[in-house]
Each structure stands twice: as C-alpha cells, then as structure tokens.
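Structure data (compact mmCIF, C-alpha atoms and all ligand atoms) from structure-v7.txt:
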```txt
# COMPACT_ATOMS: atom_id res chain seq x y z
CA MET A 1370 9.84 -6.94 3.23
CA ILE A 1371 10.12 -5.87 -0.40
CA VAL A 1372 8.23 -2.66 -1.21
CA THR A 1373 7.86 -1.47 -4.82
CA ARG A 1374 5.92 1.42 -6.29
CA PHE A 1375 4.25 2.78 -9.38
CA ALA A 1376 4.47 6.58 -9.42
CA PRO A 1377 2.57 8.03 -12.38
CA SER A 1378 2.25 11.76 -13.04
CA PRO A 1379 -1.29 12.79 -13.94
CA ASN A 1380 -0.12 14.79 -16.96
CA GLY A 1381 -1.94 12.57 -19.42
CA PRO A 1382 -3.74 9.23 -19.52
CA LEU A 1383 -1.92 5.96 -18.84
CA HIS A 1384 -1.02 3.84 -21.88
CA LEU A 1385 0.43 0.36 -22.42
CA GLY A 1386 3.89 1.47 -21.30
CA HIS A 1387 2.47 2.48 -17.94
CA ALA A 1388 0.56 -0.80 -17.72
CA PHE A 1389 3.83 -2.67 -18.26
CA SER A 1390 5.55 -0.56 -15.60
CA ALA A 1391 2.78 -1.04 -13.03
CA LEU A 1392 2.66 -4.79 -13.70
CA THR A 1393 6.42 -5.10 -13.33
CA ALA A 1394 6.42 -3.30 -9.98
CA HIS A 1395 3.34 -5.16 -8.78
CA ASP A 1396 4.65 -8.60 -9.71
CA LEU A 1397 8.13 -8.04 -8.27
CA ALA A 1398 6.50 -7.32 -4.91
CA ALA A 1399 3.79 -9.98 -5.17
CA ARG A 1400 6.29 -12.75 -5.95
CA GLN A 1401 7.95 -12.20 -2.59
CA GLY A 1402 4.88 -11.38 -0.51
CA GLY A 1403 5.80 -7.69 -0.50
CA ARG A 1404 3.84 -4.47 -0.86
CA PHE A 1405 3.07 -2.60 -4.06
CA LEU A 1406 2.43 1.12 -3.64
CA LEU A 1407 0.70 3.67 -5.83
CA ARG A 1408 1.94 7.24 -5.51
CA ILE A 1409 0.40 10.02 -7.58
CA GLU A 1410 3.14 12.48 -8.58
CA ASP A 1411 0.92 15.51 -9.06
CA ILE A 1412 3.26 18.48 -8.67
CA ASP A 1413 4.00 19.20 -12.28
CA GLY A 1414 2.54 22.71 -12.28
CA ALA A 1415 0.15 23.53 -15.07
CA ARG A 1416 0.67 20.12 -16.74
CA SER A 1417 -0.80 18.29 -13.77
CA ARG A 1418 -4.45 17.22 -14.02
CA PRO A 1419 -5.27 15.77 -10.61
CA GLU A 1420 -8.65 14.50 -11.83
CA LEU A 1421 -6.78 11.88 -13.88
CA ALA A 1422 -5.77 10.09 -10.68
CA ASP A 1423 -9.21 8.47 -10.44
CA GLU A 1424 -8.86 7.20 -13.99
CA PHE A 1425 -5.45 5.74 -13.05
CA ARG A 1426 -7.01 3.83 -10.15
CA ARG A 1427 -9.72 2.47 -12.45
CA ASP A 1428 -7.05 1.45 -14.98
CA LEU A 1429 -5.03 -0.46 -12.37
CA GLU A 1430 -8.15 -2.18 -11.07
CA TRP A 1431 -9.09 -3.13 -14.63
CA LEU A 1432 -5.63 -4.71 -15.04
CA GLY A 1433 -6.41 -6.83 -11.97
CA LEU A 1434 -3.86 -5.18 -9.68
CA GLU A 1435 -4.12 -4.50 -5.96
CA TRP A 1436 -2.10 -1.79 -4.28
CA ASP A 1437 -1.69 0.37 -1.20
CA GLU A 1438 -1.94 4.04 -2.02
CA VAL A 1439 0.39 6.47 -0.27
CA PRO A 1440 -0.25 10.23 -0.11
CA ALA A 1441 0.03 12.14 -3.38
CA GLN A 1442 2.99 14.47 -3.74
CA SER A 1443 0.78 17.57 -3.58
CA THR A 1444 0.15 16.75 0.10
CA ARG A 1445 3.87 16.70 0.91
CA LEU A 1446 4.97 20.10 -0.34
CA ALA A 1447 5.96 21.45 3.06
CA SER A 1448 8.40 18.59 3.60
CA TYR A 1449 10.21 19.21 0.29
CA ASP A 1450 10.56 22.88 1.06
CA ALA A 1451 11.74 22.29 4.63
CA VAL A 1452 14.36 19.73 3.64
CA ALA A 1453 15.65 21.88 0.80
CA HIS A 1454 15.98 25.02 2.87
CA GLU A 1455 16.96 23.58 6.24
CA LEU A 1456 19.27 20.77 5.19
CA LEU A 1457 20.56 21.51 1.73
CA PHE A 1458 20.70 25.31 2.04
CA ARG A 1459 21.35 26.12 5.71
CA ALA A 1460 23.10 23.04 7.06
CA LEU A 1461 25.08 21.92 4.01
CA GLY A 1462 25.32 25.12 1.95
CA VAL A 1463 24.83 23.26 -1.34
CA LEU A 1464 21.80 25.16 -2.65
CA TYR A 1465 21.68 28.55 -4.36
CA PRO A 1466 18.94 30.67 -5.95
CA CYS A 1467 18.85 30.99 -9.72
CA ARG A 1468 17.02 33.52 -11.85
CA CYS A 1469 18.03 32.31 -15.30
CA THR A 1470 15.36 31.64 -17.86
CA ARG A 1471 15.24 28.49 -19.98
CA ALA A 1472 16.26 30.54 -23.03
CA GLU A 1473 19.28 32.01 -21.25
CA ILE A 1474 20.38 28.56 -20.13
CA ALA A 1475 19.89 27.04 -23.57
CA ALA A 1476 21.96 29.85 -25.12
CA ALA A 1477 24.85 29.56 -22.64
CA ALA A 1478 24.94 25.79 -22.04
CA ARG A 1479 27.95 23.88 -23.36
CA GLU A 1480 26.95 20.34 -22.37
CA ILE A 1481 23.89 18.14 -22.42
CA ALA A 1482 22.91 16.07 -19.37
CA PRO A 1483 22.05 12.36 -19.71
CA ASP A 1484 18.34 13.24 -19.58
CA GLY A 1485 18.74 15.47 -22.63
CA SER A 1486 18.48 18.78 -20.79
CA PRO A 1487 21.20 21.44 -21.09
CA VAL A 1488 23.72 21.40 -18.25
CA TYR A 1489 23.36 24.64 -16.29
CA PRO A 1490 26.33 26.89 -17.11
CA GLY A 1491 26.68 28.10 -13.50
CA THR A 1492 25.75 31.75 -14.06
CA CYS A 1493 23.97 32.36 -10.71
CA ARG A 1494 26.56 30.31 -8.80
CA GLU A 1495 29.31 32.57 -10.10
CA HIS A 1496 27.23 35.77 -9.78
CA PRO A 1497 24.93 35.17 -6.80
CA VAL A 1498 21.41 36.57 -6.88
CA SER A 1499 20.97 39.40 -4.44
CA GLY A 1500 17.71 40.65 -2.97
CA ASP A 1501 14.34 38.98 -3.43
CA THR A 1502 14.60 35.27 -4.17
CA SER A 1503 10.86 34.57 -4.24
CA HIS A 1504 10.81 34.05 -8.01
CA CYS A 1505 13.96 31.96 -8.11
CA ALA A 1506 14.57 28.29 -8.70
CA TRP A 1507 17.01 26.67 -6.25
CA ARG A 1508 19.90 24.69 -7.68
CA LEU A 1509 22.29 22.19 -6.21
CA ASP A 1510 25.94 23.22 -6.26
CA MET A 1511 26.96 19.90 -7.77
CA ALA A 1512 30.72 20.14 -7.23
CA ARG A 1513 30.28 21.03 -3.57
CA ALA A 1514 27.61 18.37 -3.05
CA CYS A 1515 29.80 15.68 -4.64
CA ALA A 1516 32.74 16.75 -2.47
CA ILE A 1517 30.61 16.36 0.68
CA ALA A 1518 29.14 13.00 -0.36
CA GLY A 1519 32.33 11.42 -1.73
CA PRO A 1520 32.22 8.50 -4.19
CA LEU A 1521 28.90 6.67 -4.29
CA GLY A 1522 27.55 3.52 -5.85
CA TRP A 1523 24.14 2.03 -6.40
CA THR A 1524 22.70 -1.28 -7.55
CA ASP A 1525 20.28 -2.00 -10.35
CA GLU A 1526 18.78 -5.50 -10.29
CA LEU A 1527 19.14 -5.81 -14.05
CA ALA A 1528 22.20 -3.70 -14.89
CA GLY A 1529 24.25 -4.54 -11.79
CA GLU A 1530 26.56 -2.32 -9.75
CA GLN A 1531 26.81 1.31 -10.85
CA GLN A 1532 29.17 4.08 -9.94
CA ALA A 1533 27.12 7.23 -9.27
CA ARG A 1534 27.87 9.99 -11.80
CA PRO A 1535 25.64 12.89 -10.66
CA GLU A 1536 28.19 15.41 -11.95
CA LEU A 1537 27.02 14.62 -15.50
CA PHE A 1538 23.85 16.58 -14.70
CA GLY A 1539 25.58 19.73 -13.40
CA ASP A 1540 23.76 22.04 -11.00
CA VAL A 1541 20.28 20.45 -11.13
CA VAL A 1542 17.16 22.27 -9.98
CA ILE A 1543 15.95 21.13 -6.56
CA LEU A 1544 13.08 23.58 -6.04
CA ARG A 1545 11.46 24.75 -9.26
CA LYS A 1546 10.30 28.25 -10.04
CA ASP A 1547 6.95 27.07 -11.39
CA ALA A 1548 6.39 24.05 -9.14
CA PRO A 1549 7.08 23.28 -5.51
CA ALA A 1550 9.87 20.75 -5.92
CA SER A 1551 11.86 19.06 -8.63
CA TYR A 1552 11.20 15.48 -9.58
CA HIS A 1553 14.63 14.54 -8.22
CA LEU A 1554 13.97 15.82 -4.70
CA ALA A 1555 10.33 14.76 -4.45
CA ALA A 1556 10.84 11.21 -5.75
CA THR A 1557 13.90 10.64 -3.58
CA MET A 1558 12.28 11.91 -0.40
CA ASP A 1559 9.06 10.05 -1.05
CA ASP A 1560 10.68 6.71 -1.80
CA HIS A 1561 12.38 7.01 1.57
CA ALA A 1562 9.24 8.17 3.40
CA ASP A 1563 7.16 5.40 1.81
CA GLY A 1564 9.67 2.70 2.76
CA VAL A 1565 10.32 1.69 -0.85
CA THR A 1566 13.05 -0.96 -0.98
CA LEU A 1567 13.01 -1.62 -4.73
CA VAL A 1568 12.54 1.48 -6.88
CA THR A 1569 10.89 0.11 -10.01
CA ARG A 1570 10.60 2.35 -13.06
CA GLY A 1571 11.45 2.56 -16.75
CA MET A 1572 15.04 2.68 -17.93
CA ASP A 1573 14.42 6.14 -19.36
CA LEU A 1574 14.93 7.28 -15.76
CA PHE A 1575 18.09 5.22 -15.27
CA ALA A 1576 20.47 8.20 -15.34
CA SER A 1577 18.35 10.22 -12.89
CA THR A 1578 19.27 7.65 -10.29
CA HIS A 1579 22.79 9.12 -10.16
CA VAL A 1580 21.28 12.33 -8.82
CA HIS A 1581 18.89 10.51 -6.50
CA ARG A 1582 21.74 8.53 -4.99
CA LEU A 1583 23.60 11.78 -4.26
CA LEU A 1584 20.52 13.31 -2.61
CA GLN A 1585 20.14 10.21 -0.46
CA ALA A 1586 23.72 10.62 0.73
CA LEU A 1587 23.29 14.35 1.45
CA LEU A 1588 20.01 13.82 3.29
CA SER A 1589 21.05 10.58 5.08
CA LEU A 1590 18.19 8.59 3.55
CA ALA A 1591 17.91 4.81 3.22
CA VAL A 1592 19.41 3.42 0.01
CA PRO A 1593 17.09 1.08 -1.91
CA ILE A 1594 17.89 -1.21 -4.84
CA TRP A 1595 16.66 -0.12 -8.27
CA HIS A 1596 14.98 -2.05 -11.05
CA HIS A 1597 14.92 -0.06 -14.29
CA HIS A 1598 12.79 -2.13 -16.61
CA PRO A 1599 12.87 -2.13 -20.43
CA LEU A 1600 10.47 0.21 -22.23
CA LEU A 1601 7.74 -0.50 -24.73
CA LEU A 1602 8.75 1.09 -28.02
CA ASP A 1603 6.83 1.97 -31.16
CA THR A 1604 7.84 0.96 -34.69
CA GLU A 1605 10.32 3.84 -34.82
CA GLY A 1606 11.97 2.78 -31.57
CA ARG A 1607 10.47 5.61 -29.53
CA LYS A 1608 8.94 5.29 -26.10
CA LEU A 1609 5.17 4.89 -26.32
CA ALA A 1610 3.25 8.11 -25.84
CA LYS A 1611 -0.37 9.09 -26.15
CA ARG A 1612 0.64 12.01 -28.38
CA ARG A 1613 2.24 9.51 -30.77
CA GLY A 1614 -0.92 7.48 -31.01
CA SER A 1615 -0.58 4.87 -28.27
CA PRO A 1616 -4.07 4.09 -27.04
CA ALA A 1617 -4.96 5.17 -23.51
CA LEU A 1618 -5.79 2.33 -21.13
CA ALA A 1619 -8.99 4.22 -20.29
CA ASP A 1620 -10.05 3.99 -23.96
CA LEU A 1621 -9.36 0.24 -24.11
CA ARG A 1622 -11.22 -0.21 -20.83
CA GLN A 1623 -14.21 1.80 -22.01
CA ALA A 1624 -14.24 -0.12 -25.31
CA GLY A 1625 -14.82 -3.30 -23.28
CA GLU A 1626 -11.39 -4.88 -23.63
CA ASP A 1627 -10.49 -7.43 -20.92
CA GLY A 1628 -7.82 -5.76 -18.75
CA ARG A 1629 -6.73 -8.92 -16.94
CA ALA A 1630 -6.22 -10.74 -20.23
CA LEU A 1631 -4.18 -7.79 -21.49
CA ALA A 1632 -2.09 -7.88 -18.30
CA ASP A 1633 -1.42 -11.58 -18.80
CA ARG A 1634 -0.35 -11.03 -22.38
CA LEU A 1635 2.04 -8.26 -21.33
CA ARG A 1636 3.44 -10.57 -18.63
CA ALA A 1637 4.00 -13.28 -21.22
CA GLY A 1638 5.79 -10.80 -23.49
CA GLU A 1639 3.00 -10.94 -26.09
CA LEU A 1640 3.00 -7.36 -27.31
CA PRO A 1641 0.49 -5.82 -29.71
CA ALA A 1642 1.61 -5.45 -33.34
CA GLY A 1643 4.07 -2.59 -33.83
CA ILE A 1644 5.27 -2.58 -30.23
CA SER A 1645 8.56 -4.02 -29.03
CA LEU A 1646 10.53 -4.14 -25.81
CA SER A 1647 13.75 -2.12 -25.59
CA ASP A 1648 16.96 -3.93 -24.82
CA GLY A 1649 19.56 -1.17 -24.46
CA LEU A 1650 20.10 0.55 -21.15
CA HIS A 1651 19.71 4.14 -22.24
CA SER A 1652 16.73 4.26 -24.53
CA GLU A 1653 15.64 7.59 -25.83
CA SER A 1654 12.82 9.12 -23.87
N1 LIG B 1701 6.33 10.35 -12.11
C1 LIG B 1701 7.26 9.84 -13.06
C2 LIG B 1701 6.57 9.60 -14.40
O1 LIG B 1701 5.38 9.51 -14.45
C3 LIG B 1701 7.90 8.54 -12.63
C4 LIG B 1701 8.88 8.78 -11.57
C5 LIG B 1701 9.58 7.54 -11.01
O2 LIG B 1701 9.12 6.43 -11.22
O3 LIG B 1701 10.57 7.76 -10.32
O4 LIG B 1701 7.25 9.53 -15.39
```
Written as structure tokens, that's how I'd like the structure from this file.
Amino acid sequence: MIVTRFAPSPNGPLHLGHAFSALTAHDLAARQGGRFLLRIEDIDGARSRPELADEFRRDLEWLGLEWDEVPAQSTRLASYDAVAHELLFRALGVLYPCRCTRAEIAAAAREIAPDGSPVYPGTCREHPVSGDTSHCAWRLDMARACAIAGPLGWTDELAGEQQARPELFGDVVILRKDAPASYHLAATMDDHADGVTLVTRGMDLFASTHVHRLLQALLSLAVPIWHHHPLLLDTEGRKLAKRRGSPALADLRQAGEDGRALADRLRAGELPAGISLSDGLHSES
C-alpha cells in the first residue's frame, strides 16, 4: 500500500506552499487507496513552537484533508540517539564528535553544499576531540561512510533515476549540539519507522535525499520512492515564506475563507495573483 506523509516543522505558521505540499501528498495516497500521514517535526531547538501543531491540524481539516497522525519527533529522541551511537559510532565507526562553531566553519570552509551550507572542512576529523564530548555535535565521516555503502541510486517519481551524491555535503551533522538529532537522521529514521513508501516533499529538499539514501544504506532501512514536487514561488522567484508576506493559512481560515475551495483551486493549478509554480529541479530555498 502506498504511504505518503506531510512533515511540517512547527517553526512558523503554515502558508500556501505548505497547503500545496500537504495536498500533493494527500492526493497521491488517496488516488491509490493509500495512507496519508502527518508527522510533526518538532525538534528544531529554540525555533520549535509545539503549540503550532494544533493550528496545523486545524489548517489541514479546513483544507478538507484526512490523515493518520504518527508520533511527533520529540517523542522519538531516544531512538535517534541510540542509532547514532550504537550503529553509526560503535558498529560502523563513521561518526565523530565536533566542537567547531558556525563561525569557525564558515571561516575555514572551501565549498558550499547543495543546500547552501558550508561544507565542513574536516577540522575535528583530522584533530579528534579529546575529553568531554557532551557539548559536541556528531558528524558523519562522509568518505568512510561512502566507502562502506558503495555506489547508491534512488528514484524520484518526477525526476527519474538518480545517482546518490552524498559526498557533495561533506561531513554532515547527525546529532546536533543544540538539538537532539539532525533533520537528515530524524527524517530518514522516521520515514522508515512510519512505513512511508513515497516520500513527498518540496524540491528544495531534493539534494538532501542524497544524504538520506546513504543513511538508509548504513542503517539497513527500507528504500522508498521520492516525489519532490514543484514549489510555489513569489513574484521574485523565491519560495513562499511568511516572513516575505505570504499569508498564513490560519489567517485565511480565521478570515472566513473557504479552505476546501482553496484546496480545489490549488489542485487545478489556479494560483493566487503573484504566485507561480517552479519548474526547475533545484529551486532556491
Ligand atoms: N520538516 C521539514 C520542513 O518543514 C520537511 C521535511 C521533509 O519533508 O522531509 O521543511
């Protein structure tokens, strides 16, 4: 059975871009009698506002969607930690502690990863941290991890067959200093645990899938298919964002707008003035 998911982070209210994403995932499952899951990704440290999750549920209901909710990420912290330490660190030896600050990394980095972040220059891999690691992030030794996993591929329903290129990201963080787990580890483990067969999300996360595919191989997890959908863009071609003036769904809902009618318009590709659908594969985030 096809299982899709919508996995919003309660860092800010949902807007039209999220509505489009949720509808896409919902409809892909519904068309084939599958399941559509909601997973609240609430482990983003200080940015996370768990109280927004209730608003998200009201927004989805207002759009006329039905879903099965799986446990929020904040309830799964022990599993991320156990897998990172037991499998990646002890069994595979592909994790190491890192004490570098963002500023140090930015100053020493020579390359930029596909998600726009600086590629870690390898300082704490070359000069291992000794002593207390309690305030460290834990990074993946990318070269070693890729050597263990060997060449990997993955399939996107829209973009077709892909060769996994996780090395473009360098030594990514797996356990964060300021939060229990990185997005990469948490999303990958949860999609497996939740039985997701079609990972549906915006194409701004397309490149992250290279890293997720590698983690699946290292952790012997099931390999789903992906569906990275186009993004809703503003007049300047940027992804919609509340901070750039895109209205929150909660505001439209509270102003009495008909959510189901809005959902039908989005399905039909009728976008509000000033909003367009991206067509390239690697839209700016
Ligand atoms: N939680 C992520 C976000 O809100 C989405 C992660 C995903 O779909 O894999 O941007």
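For the atom pair formed by CA of Leu1406 (chain A) and CA of Ala1376 (chain A), the distance is 8.2 Å, given to one decimal.
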Neighbourhood of ligand LIG 1701 (chain B) at 8 Å, counting only C-alpha atoms and all ligand atoms, reported as a PyMOL selection string: chain A and resi 1374-1379+1409-1410+1552+1556+1568-1571+1574
Just-selected residues, C-alpha atoms written as a PDB file, keeping the file's coordinate frame:
```pdb
ATOM      1  CA  ARG A1374       5.920   1.420  -6.290  1.00  0.00           C
ATOM      2  CA  PHE A1375       4.250   2.780  -9.380  1.00  0.00           C
ATOM      3  CA  ALA A1376       4.470   6.580  -9.420  1.00  0.00           C
ATOM      4  CA  PRO A1377       2.570   8.030 -12.380  1.00  0.00           C
ATOM      5  CA  SER A1378       2.250  11.760 -13.040  1.00  0.00           C
ATOM      6  CA  PRO A1379      -1.290  12.790 -13.940  1.00  0.00           C
ATOM      7  CA  ILE A1409       0.400  10.020  -7.580  1.00  0.00           C
ATOM      8  CA  GLU A1410       3.140  12.480  -8.580  1.00  0.00           C
ATOM      9  CA  TYR A1552      11.200  15.480  -9.580  1.00  0.00           C
ATOM     10  CA  ALA A1556      10.840  11.210  -5.750  1.00  0.00           C
ATOM     11  CA  VAL A1568      12.540   1.480  -6.880  1.00  0.00           C
ATOM     12  CA  THR A1569      10.890   0.110 -10.010  1.00  0.00           C
ATOM     13  CA  ARG A1570      10.600   2.350 -13.060  1.00  0.00           C
ATOM     14  CA  GLY A1571      11.450   2.560 -16.750  1.00  0.00           C
ATOM     15  CA  LEU A1574      14.930   7.280 -15.760  1.00  0.00           C
TER      16      LEU A1574
END
```
All residues 12 Å or closer to Ala1550 (chain A), only C-alpha atoms, same chain fewer than 2 positions away omitted, as a ChimeraX atom specification: /A:1410-1414,1442-1443,1445-1454,1506-1508,1541-1548,1552-1559
Nearby residues (all atoms listed in the file) at most 12 Å from Thr1578 (chain A), same-chain spacing under 2 positions excluded, as an NGL selection string: :A and (1483-1484 or 1521-1525 or 1531-1538 or 1552-1554 or 1556-1557 or 1568-1576 or 1580-1585 or 1592-1597)
For those residues, write C-alpha atoms to a file as a tab-separated table (two decimals), keeping the file's coordinate frame.
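Saved as part.tsv:
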```tsv
chain	number	residue	atom	x	y	z
A	1483	PRO	CA	22.05	12.36	-19.71
A	1484	ASP	CA	18.34	13.24	-19.58
A	1521	LEU	CA	28.90	6.67	-4.29
A	1522	GLY	CA	27.55	3.52	-5.85
A	1523	TRP	CA	24.14	2.03	-6.40
A	1524	THR	CA	22.70	-1.28	-7.55
A	1525	ASP	CA	20.28	-2.00	-10.35
A	1531	GLN	CA	26.81	1.31	-10.85
A	1532	GLN	CA	29.17	4.08	-9.94
A	1533	ALA	CA	27.12	7.23	-9.27
A	1534	ARG	CA	27.87	9.99	-11.80
A	1535	PRO	CA	25.64	12.89	-10.66
A	1536	GLU	CA	28.19	15.41	-11.95
A	1537	LEU	CA	27.02	14.62	-15.50
A	1538	PHE	CA	23.85	16.58	-14.70
A	1552	TYR	CA	11.20	15.48	-9.58
A	1553	HIS	CA	14.63	14.54	-8.22
A	1554	LEU	CA	13.97	15.82	-4.70
A	1556	ALA	CA	10.84	11.21	-5.75
A	1557	THR	CA	13.90	10.64	-3.58
A	1568	VAL	CA	12.54	1.48	-6.88
A	1569	THR	CA	10.89	0.11	-10.01
A	1570	ARG	CA	10.60	2.35	-13.06
A	1571	GLY	CA	11.45	2.56	-16.75
A	1572	MET	CA	15.04	2.68	-17.93
A	1573	ASP	CA	14.42	6.14	-19.36
A	1574	LEU	CA	14.93	7.28	-15.76
A	1575	PHE	CA	18.09	5.22	-15.27
A	1576	ALA	CA	20.47	8.20	-15.34
A	1580	VAL	CA	21.28	12.33	-8.82
A	1581	HIS	CA	18.89	10.51	-6.50
A	1582	ARG	CA	21.74	8.53	-4.99
A	1583	LEU	CA	23.60	11.78	-4.26
A	1584	LEU	CA	20.52	13.31	-2.61
A	1585	GLN	CA	20.14	10.21	-0.46
A	1592	VAL	CA	19.41	3.42	0.01
A	1593	PRO	CA	17.09	1.08	-1.91
A	1594	ILE	CA	17.89	-1.21	-4.84
A	1595	TRP	CA	16.66	-0.12	-8.27
A	1596	HIS	CA	14.98	-2.05	-11.05
A	1597	HIS	CA	14.92	-0.06	-14.29
```
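Between CA of Gly1381 (chain A) and CA of His1504 (chain A) lies a distance of 27.5 Å.
You will find CA of Lys1611 (chain A) at 15.4 Å from CA of Pro1641 (chain A).
When all atoms listed in the file are used to measure the gap to Tyr1489 (chain A), the shortest distance among A:Asp1501, A:Phe1458, A:Arg1408, A:Gly1539 belongs to A:Gly1539.
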Neighbour list for Phe1425 (chain A) as an MDAnalysis selection string, cut-off 7 Å, only C-alpha atoms, skip fewer than 4 positions in-chain: chainID A and resid 1383 1421 1429
Shortest interatomic distance to Arg1629 (chain A) - which of A:Leu1434, A:Ser1499, A:Ala1482, A:Leu1456, counting all atoms listed in the file: A:Leu1434
Shell around Trp1436 (chain A) at 12 Å using all atoms listed in the file, local window under 3 positions removed, as a ChimeraX atom specification: /A:1372-1376,1391-1392,1394-1396,1398-1399,1403-1408,1426-1427,1429-1430,1432-1433,1439
Nearest residue to Asp1540 (chain A) from the set A:Ser1645, A:Ser1503, A:Ser1615, A:Ser1486 (distances using all atoms listed in the file): A:Ser1486
Applying 12 Å and only C-alpha atoms, which residues near Leu1621 (chain A) remain after dropping the ones on its own chain fewer than 2 positions away? List them as a PDB file with C-alpha atoms, in the frame of the given file.
```pdb
ATOM      1  CA  PRO A1382      -3.740   9.230 -19.520  1.00  0.00           C
ATOM      2  CA  LEU A1383      -1.920   5.960 -18.840  1.00  0.00           C
ATOM      3  CA  HIS A1384      -1.020   3.840 -21.880  1.00  0.00           C
ATOM      4  CA  LEU A1385       0.430   0.360 -22.420  1.00  0.00           C
ATOM      5  CA  ALA A1388       0.560  -0.800 -17.720  1.00  0.00           C
ATOM      6  CA  ARG A1427      -9.720   2.470 -12.450  1.00  0.00           C
ATOM      7  CA  ASP A1428      -7.050   1.450 -14.980  1.00  0.00           C
ATOM      8  CA  TRP A1431      -9.090  -3.130 -14.630  1.00  0.00           C
ATOM      9  CA  LEU A1432      -5.630  -4.710 -15.040  1.00  0.00           C
ATOM     10  CA  SER A1615      -0.580   4.870 -28.270  1.00  0.00           C
ATOM     11  CA  PRO A1616      -4.070   4.090 -27.040  1.00  0.00           C
ATOM     12  CA  ALA A1617      -4.960   5.170 -23.510  1.00  0.00           C
ATOM     13  CA  LEU A1618      -5.790   2.330 -21.130  1.00  0.00           C
ATOM     14  CA  ALA A1619      -8.990   4.220 -20.290  1.00  0.00           C
ATOM     15  CA  GLN A1623     -14.210   1.800 -22.010  1.00  0.00           C
ATOM     16  CA  ALA A1624     -14.240  -0.120 -25.310  1.00  0.00           C
ATOM     17  CA  GLY A1625     -14.820  -3.300 -23.280  1.00  0.00           C
ATOM     18  CA  GLU A1626     -11.390  -4.880 -23.630  1.00  0.00           C
ATOM     19  CA  ASP A1627     -10.490  -7.430 -20.920  1.00  0.00           C
ATOM     20  CA  GLY A1628      -7.820  -5.760 -18.750  1.00  0.00           C
ATOM     21  CA  ARG A1629      -6.730  -8.920 -16.940  1.00  0.00           C
ATOM     22  CA  LEU A1631      -4.180  -7.790 -21.490  1.00  0.00           C
TER      23      LEU A1631
END
```
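Each of A:Ala1415, A:His1387, A:Ala1562, A:Pro1487 was compared to Pro1549 (chain A) using all atoms listed in the file, and A:Ala1415 turns out to be the nearest.
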